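Enquirer: For reference, this is query_2.cif, and it has mmCIF, C-alpha atoms.
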data_entry
loop_
_atom_site.group_PDB
_atom_site.id
_atom_site.type_symbol
_atom_site.label_atom_id
_atom_site.label_comp_id
_atom_site.auth_asym_id
_atom_site.auth_seq_id
_atom_site.Cartn_x
_atom_site.Cartn_y
_atom_site.Cartn_z
ATOM 1 C CA MET A 1 54.809 71.707 -30.726
ATOM 2 C CA LYS A 2 53.141 68.580 -29.365
ATOM 3 C CA LYS A 3 55.515 66.411 -31.367
ATOM 4 C CA CYS A 4 58.499 68.246 -29.870
ATOM 5 C CA ILE A 5 57.193 67.774 -26.335
ATOM 6 C CA ILE A 6 56.534 64.071 -26.920
ATOM 7 C CA LEU A 7 59.999 63.650 -28.467
ATOM 8 C CA PHE A 8 61.597 65.441 -25.505
ATOM 9 C CA PHE A 9 59.920 63.164 -22.973
ATOM 10 C CA CYS A 10 60.807 60.049 -24.976
ATOM 11 C CA LEU A 11 64.449 61.115 -25.075
ATOM 12 C CA TRP A 12 64.442 61.988 -21.368
ATOM 13 C CA PHE A 13 62.868 58.639 -20.454
ATOM 14 C CA GLY A 14 65.488 56.892 -22.577
ATOM 15 C CA VAL A 15 68.267 58.727 -20.738
ATOM 16 C CA LEU A 16 66.814 57.690 -17.373
ATOM 17 C CA MET A 17 66.493 54.077 -18.481
ATOM 18 C CA PHE A 18 70.075 54.067 -19.775
ATOM 19 C CA ALA A 19 71.364 55.632 -16.550
ATOM 20 C CA SER A 20 69.516 53.056 -14.455
ATOM 21 C CA GLN A 21 70.838 50.180 -16.579
ATOM 22 C CA THR A 22 74.389 51.590 -16.461
ATOM 23 C CA ALA A 23 74.194 51.847 -12.669
ATOM 24 C CA VAL A 24 73.209 48.194 -12.461
ATOM 25 C CA GLU A 25 75.897 47.134 -14.923
ATOM 26 C CA SER A 26 78.581 48.830 -12.827
ATOM 27 C CA ASN A 27 77.960 46.482 -9.912
ATOM 28 C CA ARG A 28 77.916 43.292 -11.992
ATOM 29 C CA ILE A 29 80.721 40.806 -12.489
ATOM 30 C CA PRO A 30 80.938 40.026 -16.241
ATOM 31 C CA PHE A 31 79.873 36.621 -17.502
ATOM 32 C CA PRO A 32 82.433 34.347 -19.141
ATOM 33 C CA THR A 33 82.546 34.859 -22.875
ATOM 34 C CA GLY A 34 81.158 32.363 -25.341
ATOM 35 C CA ILE A 35 78.522 30.682 -23.160
ATOM 36 C CA VAL A 36 74.758 30.454 -23.581
ATOM 37 C CA LEU A 37 73.233 32.020 -20.493
ATOM 38 C CA ASP A 38 70.665 30.107 -18.472
ATOM 39 C CA GLY A 39 69.268 30.454 -14.950
ATOM 40 C CA ALA A 40 68.992 33.938 -13.490
ATOM 41 C CA ALA A 41 71.564 35.245 -15.967
ATOM 42 C CA ALA A 42 69.223 34.502 -18.875
ATOM 43 C CA ILE A 43 66.519 36.726 -17.403
ATOM 44 C CA GLN A 44 68.644 39.826 -16.733
ATOM 45 C CA THR A 45 66.215 42.500 -15.502
ATOM 46 C CA GLN A 46 63.258 41.151 -17.510
ATOM 47 C CA PHE A 47 61.181 41.013 -14.323
ATOM 48 C CA ASP A 48 62.197 44.488 -13.107
ATOM 49 C CA VAL A 49 59.376 46.806 -12.051
ATOM 50 C CA GLN A 50 59.995 50.521 -12.405
ATOM 51 C CA ASP A 51 58.985 52.515 -9.319
ATOM 52 C CA SER A 52 57.856 49.418 -7.426
ATOM 53 C CA PRO A 53 55.588 50.369 -4.501
ATOM 54 C CA TYR A 54 56.789 47.313 -2.587
ATOM 55 C CA PHE A 55 60.551 47.209 -3.164
ATOM 56 C CA PRO A 56 62.272 50.599 -3.344
ATOM 57 C CA ARG A 57 65.542 50.603 -5.256
ATOM 58 C CA ILE A 58 68.574 51.021 -3.010
ATOM 59 C CA ASP A 59 72.064 51.545 -4.385
ATOM 60 C CA PHE A 60 73.916 49.050 -2.169
ATOM 61 C CA PHE A 61 76.962 49.122 -4.436
ATOM 62 C CA ASN A 62 77.697 52.788 -3.664
ATOM 63 C CA MET A 63 76.297 52.820 -0.128
ATOM 64 C CA LYS A 64 78.691 53.462 2.753
ATOM 65 C CA SER A 65 78.856 51.862 6.181
ATOM 66 C CA SER A 66 77.327 53.938 8.963
ATOM 67 C CA GLU A 67 77.133 54.032 12.744
ATOM 68 C CA ASN A 68 74.466 51.339 12.721
ATOM 69 C CA MET A 69 75.368 49.432 9.567
ATOM 70 C CA ILE A 70 78.343 47.312 8.611
ATOM 71 C CA LEU A 71 78.573 46.982 4.829
ATOM 72 C CA LEU A 72 81.197 45.530 2.505
ATOM 73 C CA GLU A 73 81.318 48.504 0.184
ATOM 74 C CA ARG A 74 81.346 48.172 -3.620
ATOM 75 C CA PHE A 75 80.691 44.446 -3.436
ATOM 76 C CA LYS A 76 79.956 43.243 -6.969
ATOM 77 C CA THR A 77 77.275 40.663 -7.704
ATOM 78 C CA PHE A 78 76.951 37.766 -10.131
ATOM 79 C CA GLN A 79 73.820 36.066 -11.461
ATOM 80 C CA GLN A 80 74.175 32.313 -11.861
ATOM 81 C CA THR A 81 74.358 31.127 -15.462
ATOM 82 C CA THR A 82 72.507 27.829 -14.850
ATOM 83 C CA GLU A 83 69.640 26.703 -12.648
ATOM 84 C CA PHE A 84 72.002 24.819 -10.304
ATOM 85 C CA THR A 85 75.169 26.892 -9.871
ATOM 86 C CA CYS A 86 74.205 29.196 -7.007
ATOM 87 C CA GLY A 87 77.020 27.745 -4.863
ATOM 88 C CA PRO A 88 79.751 28.264 -7.463
ATOM 89 C CA SER A 89 78.349 31.735 -8.140
ATOM 90 C CA THR A 90 78.938 32.744 -4.518
ATOM 91 C CA ILE A 91 82.552 31.587 -4.926
ATOM 92 C CA VAL A 92 82.845 33.789 -8.036
ATOM 93 C CA MET A 93 81.660 36.776 -5.966
ATOM 94 C CA LEU A 94 84.002 35.908 -3.100
ATOM 95 C CA LEU A 95 86.993 35.718 -5.440
ATOM 96 C CA HIS A 96 86.090 39.052 -7.001
ATOM 97 C CA HIS A 97 85.708 40.629 -3.559
ATOM 98 C CA TYR A 98 89.332 39.784 -2.822
ATOM 99 C CA GLY A 99 90.535 41.099 -6.163
ATOM 100 C CA ILE A 100 91.081 37.682 -7.733
ATOM 101 C CA ASP A 101 90.267 37.785 -11.439
ATOM 102 C CA TYR A 102 88.512 34.498 -12.122
ATOM 103 C CA GLU A 103 87.267 34.755 -15.689
ATOM 104 C CA TYR A 104 85.874 31.237 -16.020
ATOM 105 C CA GLY A 105 82.761 31.768 -13.911
ATOM 106 C CA ASP A 106 80.418 29.438 -12.091
ATOM 107 C CA ARG A 107 80.309 26.564 -14.570
ATOM 108 C CA LEU A 108 83.989 25.665 -14.390
ATOM 109 C CA LEU A 109 83.922 25.855 -10.607
ATOM 110 C CA TYR A 110 80.931 23.522 -10.654
ATOM 111 C CA GLU A 111 83.021 20.931 -12.468
ATOM 112 C CA MET A 112 85.522 20.953 -9.575
ATOM 113 C CA ARG A 113 83.036 19.114 -7.349
ATOM 114 C CA ALA A 114 83.843 15.562 -6.332
ATOM 115 C CA ASN A 115 80.147 14.676 -6.328
ATOM 116 C CA HIS A 116 78.584 14.595 -9.800
ATOM 117 C CA GLU A 117 75.544 12.518 -8.904
ATOM 118 C CA LYS A 118 73.388 15.411 -7.686
ATOM 119 C CA PRO A 119 73.080 18.930 -9.110
ATOM 120 C CA GLU A 120 73.116 20.727 -5.755
ATOM 121 C CA SER A 121 76.448 21.776 -4.263
ATOM 122 C CA THR A 122 77.185 20.875 -0.653
ATOM 123 C CA LEU A 123 79.335 22.785 1.808
ATOM 124 C CA LYS A 124 82.133 20.305 1.168
ATOM 125 C CA ASP A 125 81.776 21.024 -2.566
ATOM 126 C CA LEU A 126 82.123 24.772 -2.013
ATOM 127 C CA ILE A 127 85.267 24.253 0.040
ATOM 128 C CA THR A 128 86.696 22.098 -2.767
ATOM 129 C CA MET A 129 85.868 24.777 -5.329
ATOM 130 C CA LEU A 130 87.474 27.527 -3.286
ATOM 131 C CA GLU A 131 90.618 25.537 -2.553
ATOM 132 C CA SER A 132 90.986 24.795 -6.264
ATOM 133 C CA THR A 133 91.685 28.506 -6.838
ATOM 134 C CA GLY A 134 94.566 28.924 -4.354
ATOM 135 C CA ASP A 135 95.492 28.955 -0.657
ATOM 136 C CA TRP A 136 92.671 30.003 1.658
ATOM 137 C CA ASP A 137 91.995 30.329 5.349
ATOM 138 C CA ILE A 138 88.572 28.729 5.710
ATOM 139 C CA PHE A 139 86.195 28.654 8.659
ATOM 140 C CA SER A 140 82.892 26.846 8.176
ATOM 141 C CA THR A 141 80.201 24.768 9.844
ATOM 142 C CA PHE A 142 82.753 21.948 9.969
ATOM 143 C CA ASP A 143 84.770 24.024 12.475
ATOM 144 C CA LEU A 144 81.972 24.742 14.955
ATOM 145 C CA GLU A 145 82.099 22.892 18.279
ATOM 146 C CA ASP A 146 78.329 22.559 18.083
ATOM 147 C CA PRO A 147 77.069 22.743 14.461
ATOM 148 C CA SER A 148 73.503 23.220 15.697
ATOM 149 C CA PHE A 149 74.474 26.611 17.169
ATOM 150 C CA ILE A 150 76.179 29.483 15.390
ATOM 151 C CA PRO A 151 77.330 32.477 17.479
ATOM 152 C CA LYS A 152 75.773 35.709 16.247
ATOM 153 C CA GLU A 153 78.919 37.637 17.119
ATOM 154 C CA MET A 154 80.890 35.499 14.675
ATOM 155 C CA LEU A 155 78.822 36.857 11.790
ATOM 156 C CA PHE A 156 79.230 40.461 12.844
ATOM 157 C CA ASP A 157 82.962 40.118 13.544
ATOM 158 C CA SER A 158 83.500 38.572 10.122
ATOM 159 C CA LEU A 159 81.865 41.541 8.402
ATOM 160 C CA LYS A 160 83.881 43.963 10.540
ATOM 161 C CA ASP A 161 87.006 42.188 9.281
ATOM 162 C CA GLY A 162 85.869 42.657 5.692
ATOM 163 C CA LYS A 163 84.966 39.003 5.192
ATOM 164 C CA PRO A 164 81.660 38.042 3.534
ATOM 165 C CA ILE A 165 79.773 34.987 4.812
ATOM 166 C CA ILE A 166 78.534 32.461 2.279
ATOM 167 C CA PHE A 167 75.469 30.673 3.644
ATOM 168 C CA GLY A 168 73.116 27.946 2.474
ATOM 169 C CA ASP A 169 69.519 27.243 3.417
ATOM 170 C CA ASP A 170 66.265 25.915 1.961
ATOM 171 C CA ASP A 171 65.390 29.107 0.121
ATOM 172 C CA TRP A 172 64.304 28.091 -3.423
ATOM 173 C CA GLY A 173 64.354 24.499 -2.106
ATOM 174 C CA GLY A 174 68.119 24.800 -1.581
ATOM 175 C CA HIS A 175 70.165 27.937 -2.216
ATOM 176 C CA TRP A 176 73.491 29.686 -1.512
ATOM 177 C CA ARG A 177 73.841 33.431 -0.908
ATOM 178 C CA ILE A 178 76.365 35.788 0.721
ATOM 179 C CA ILE A 179 75.912 38.059 3.729
ATOM 180 C CA ILE A 180 77.622 41.373 2.932
ATOM 181 C CA GLY A 181 76.007 43.704 5.459
ATOM 182 C CA PHE A 182 74.215 44.006 8.791
ATOM 183 C CA ASP A 183 72.186 46.853 10.291
ATOM 184 C CA ASP A 184 70.996 46.870 13.919
ATOM 185 C CA MET A 185 68.882 50.002 13.225
ATOM 186 C CA GLY A 186 70.479 51.749 16.181
ATOM 187 C CA ASP A 187 68.388 50.010 18.818
ATOM 188 C CA ASP A 188 68.456 46.886 20.990
ATOM 189 C CA ILE A 189 65.470 45.254 19.316
ATOM 190 C CA GLU A 190 66.769 42.186 17.505
ATOM 191 C CA ALA A 191 63.527 41.848 15.532
ATOM 192 C CA ASN A 192 64.475 45.075 13.712
ATOM 193 C CA ASP A 193 67.899 43.826 12.598
ATOM 194 C CA VAL A 194 68.397 43.276 8.877
ATOM 195 C CA LEU A 195 70.963 41.547 6.699
ATOM 196 C CA ILE A 196 72.082 42.686 3.264
ATOM 197 C CA VAL A 197 72.882 39.728 1.038
ATOM 198 C CA ALA A 198 74.231 39.154 -2.461
ATOM 199 C CA ASP A 199 71.883 36.729 -4.186
ATOM 200 C CA PRO A 200 72.906 34.903 -7.407
ATOM 201 C CA TYR A 201 69.208 34.348 -8.232
ATOM 202 C CA ASP A 202 67.780 37.800 -7.585
ATOM 203 C CA THR A 203 64.517 37.706 -9.523
ATOM 204 C CA THR A 204 61.775 38.428 -6.984
ATOM 205 C CA ASP A 205 62.285 41.936 -5.574
ATOM 206 C CA HIS A 206 61.435 43.910 -8.736
ATOM 207 C CA PHE A 207 65.091 44.869 -9.411
ATOM 208 C CA GLN A 208 67.662 42.296 -10.500
ATOM 209 C CA ASP A 209 70.750 44.019 -9.167
ATOM 210 C CA GLY A 210 71.916 40.979 -7.180
ATOM 211 C CA TYR A 211 71.145 42.396 -3.719
ATOM 212 C CA ASN A 212 68.429 41.484 -1.220
ATOM 213 C CA VAL A 213 67.461 42.600 2.275
ATOM 214 C CA ILE A 214 66.282 39.889 4.663
ATOM 215 C CA PRO A 215 65.309 40.036 8.347
ATOM 216 C CA PHE A 216 68.116 38.752 10.561
ATOM 217 C CA GLN A 217 65.803 36.764 12.813
ATOM 218 C CA ARG A 218 64.121 35.061 9.845
ATOM 219 C CA LEU A 219 67.453 33.651 8.742
ATOM 220 C CA TYR A 220 68.992 32.956 12.132
ATOM 221 C CA TYR A 221 66.084 31.026 13.603
ATOM 222 C CA ASN A 222 65.147 29.247 10.362
ATOM 223 C CA TRP A 223 68.670 28.463 9.176
ATOM 224 C CA ARG A 224 67.990 24.939 7.973
ATOM 225 C CA ASN A 225 68.741 22.939 4.866
ATOM 226 C CA SER A 226 67.757 19.585 3.457
ATOM 227 C CA PHE A 227 70.351 19.246 0.683
ATOM 228 C CA ASP A 228 73.613 18.826 2.587
ATOM 229 C CA PRO A 229 74.496 15.312 3.836
ATOM 230 C CA ASP A 230 76.746 16.566 6.650
ATOM 231 C CA PHE A 231 74.598 19.226 8.312
ATOM 232 C CA SER A 232 70.927 20.118 8.608
ATOM 233 C CA HIS A 233 71.526 23.548 10.183
ATOM 234 C CA ASN A 234 73.765 26.588 9.839
ATOM 235 C CA LEU A 235 75.600 26.007 6.572
ATOM 236 C CA PHE A 236 78.194 28.743 6.180
ATOM 237 C CA LEU A 237 81.672 29.362 4.827
ATOM 238 C CA ILE A 238 84.021 32.247 5.573
ATOM 239 C CA GLY A 239 87.075 32.270 3.348
ATOM 240 C CA SER A 240 89.959 34.702 2.967
ATOM 241 C CA PRO A 241 93.240 34.399 1.034
ATOM 242 C CA ARG A 242 95.967 32.895 3.188
ATOM 243 C CA VAL A 243 98.702 35.340 4.092
ATOM 244 C CA VAL A 244 102.155 33.775 3.903
ATOM 245 C CA ASN A 245 104.573 35.162 6.448
ATOM 246 C CA ASP A 246 108.191 35.306 5.272
#
Go ahead and render the structure in this file as structure tokens.
Expert:
Amino acid sequence: MKKCIILFFCLWFGVLMFASQTAVESNRIPFPTGIVLDGAAAIQTQFDVQDSPYFPRIDFFNMKSSENMILLERFKTFQQTTEFTCGPSTIVMLLHHYGIDYEYGDRLLYEMRANHEKPESTLKDLITMLESTGDWDIFSTFDLEDPSFIPKEMLFDSLKDGKPIIFGDDDWGGHWRIIIGFDDMGDDIEANDVLIVADPYDTTDHFQDGYNVIPFQRLYYNWRNSFDPDFSHNLFLIGSPRVVND
């Protein structure tokens, strides 16, 4: 009898683990075939903590927008396949968001850069990568009248229009992520506002599903970078496929 009970619980735990893994897999963009994975892709849930008391698991892939929250629904994530391709990985996610099947992944995009002297990708590099895939309407830090100031409304309006915002800052010593959601918590207290981001190096919140939650104020008032030669503040890129009018 004891053996049957133990076997039942082992099978049930296996089913739960499989269901959890399947749920994560459904929100992932596949890796290119035939490559040796490195970076965050090589870890793939190895640091996950079941029932974390600090980071509850939230199914952002299936979550819906609400009265307080703007969310780009069913946004798929991608974990970078090297230690230095976070920028190209955000382009992979952007392409997938717009239904563009780009099977070659972050490494080929990385090779599109004009600058091969440094491993980090600049804003200019990301624009080059994106333009190498087709015709795009692009709005970035280069287009701001004052690059030291970014209007908050611009971020919210972009999400309302279904457009993710790629942004770069000094996270990890220099990192690119994508804003895919914003929640004002239904009040006028800006300190309560949160951003939902897709992170190509999502290894520190006990669940490597590619999503993070960060306080809006923490990003907005600390939006600095030391890796881009053109700007020290407010690195962002909003891109959408160009519509050709007949």
Enquirer: With the file shown as input, list the residues that the PyMOL selection byres ((chain A and resi 110-118) around 9) selects, as a list in words.
Expert: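 Here the PyMOL selection byres ((chain A and resi 110-118) around 9) matches Thr85, Gly87, Pro88, Ser89, Asp106, Arg107, Leu108, Leu109, Pro119, Glu120, Ser121, Thr122, Lys124, Asp125, Leu126, Thr128, Met129 and Ser132 of chain A.
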Enquirer: Could you build a table of the residues in stretch 39-100 of chain A lying no more than 6 Å from stretch 169-188 of chain A, giving for each the nearest pair of atoms and their separation in Å rounded to one decimal place, using all atoms listed in the file, ordered by chain and ascending residue number, as JSON lines?
Expert:
{"residue": "A:Asn68", "atom": "CA", "partner": "A:Gly186", "partner_atom": "CA", "distance": 5.3}
{"residue": "A:Met69", "atom": "CA", "partner": "A:Asp183", "partner_atom": "CA", "distance": 4.2}
{"residue": "A:Ile70", "atom": "CA", "partner": "A:Phe182", "partner_atom": "CA", "distance": 5.3}
{"residue": "A:Leu71", "atom": "CA", "partner": "A:Gly181", "partner_atom": "CA", "distance": 4.2}
{"residue": "A:Leu72", "atom": "CA", "partner": "A:Ile180", "partner_atom": "CA", "distance": 5.5}
{"residue": "A:Cys86", "atom": "CA", "partner": "A:Trp176", "partner_atom": "CA", "distance": 5.6}
{"residue": "A:Gly87", "atom": "CA", "partner": "A:Trp176", "partner_atom": "CA", "distance": 5.2}
Enquirer: Can you measure atom CA of A:Asp202 to atom CA of A:Glu190 for me? One decimal in Å is fine.
Expert: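 Between atom CA of A:Asp202 and atom CA of A:Glu190 the gap is 25.5 Å.
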Enquirer: To one decimal place, how far is atom CA of A:Ile189 from atom CA of A:Pro215 in Å?
Expert: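 Pair atom CA of A:Ile189 / atom CA of A:Pro215 returns 12.1 Å.
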Enquirer: List as a tab-separated table every residue of stretch 78-125 of chain A that is in contact with stretch 31-48 of chain A, defined as an atom at most 7 Å from one of its atoms (using only C-alpha atoms), together with the nearest atom pair and the distance in Å rounded to one decimal, sorted by chain and then rising number.
Expert:
residue	atom	partner	partner_atom	distance
A:Gln79	CA	A:Ala41	CA	5.1
A:Gln80	CA	A:Ala40	CA	5.7
A:Thr81	CA	A:Asp38	CA	4.9
A:Thr82	CA	A:Gly39	CA	4.2
A:Glu83	CA	A:Gly39	CA	4.4
A:Glu103	CA	A:Pro32	CA	6.0
A:Tyr104	CA	A:Pro32	CA	5.6
A:Gly105	CA	A:Pro32	CA	5.8
Enquirer: Applying 12 Å and all atoms listed in the file, which residues near A:Tyr54 remain after dropping the ones on its own chain fewer than 2 positions away? List them as a list in words.
Expert: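 So, after excluding close chain neighbours, the residues are Val49, Gln50, Asp51, Ser52, Pro56, Arg57, Thr204, Asp205, His206 and Phe207 of chain A.
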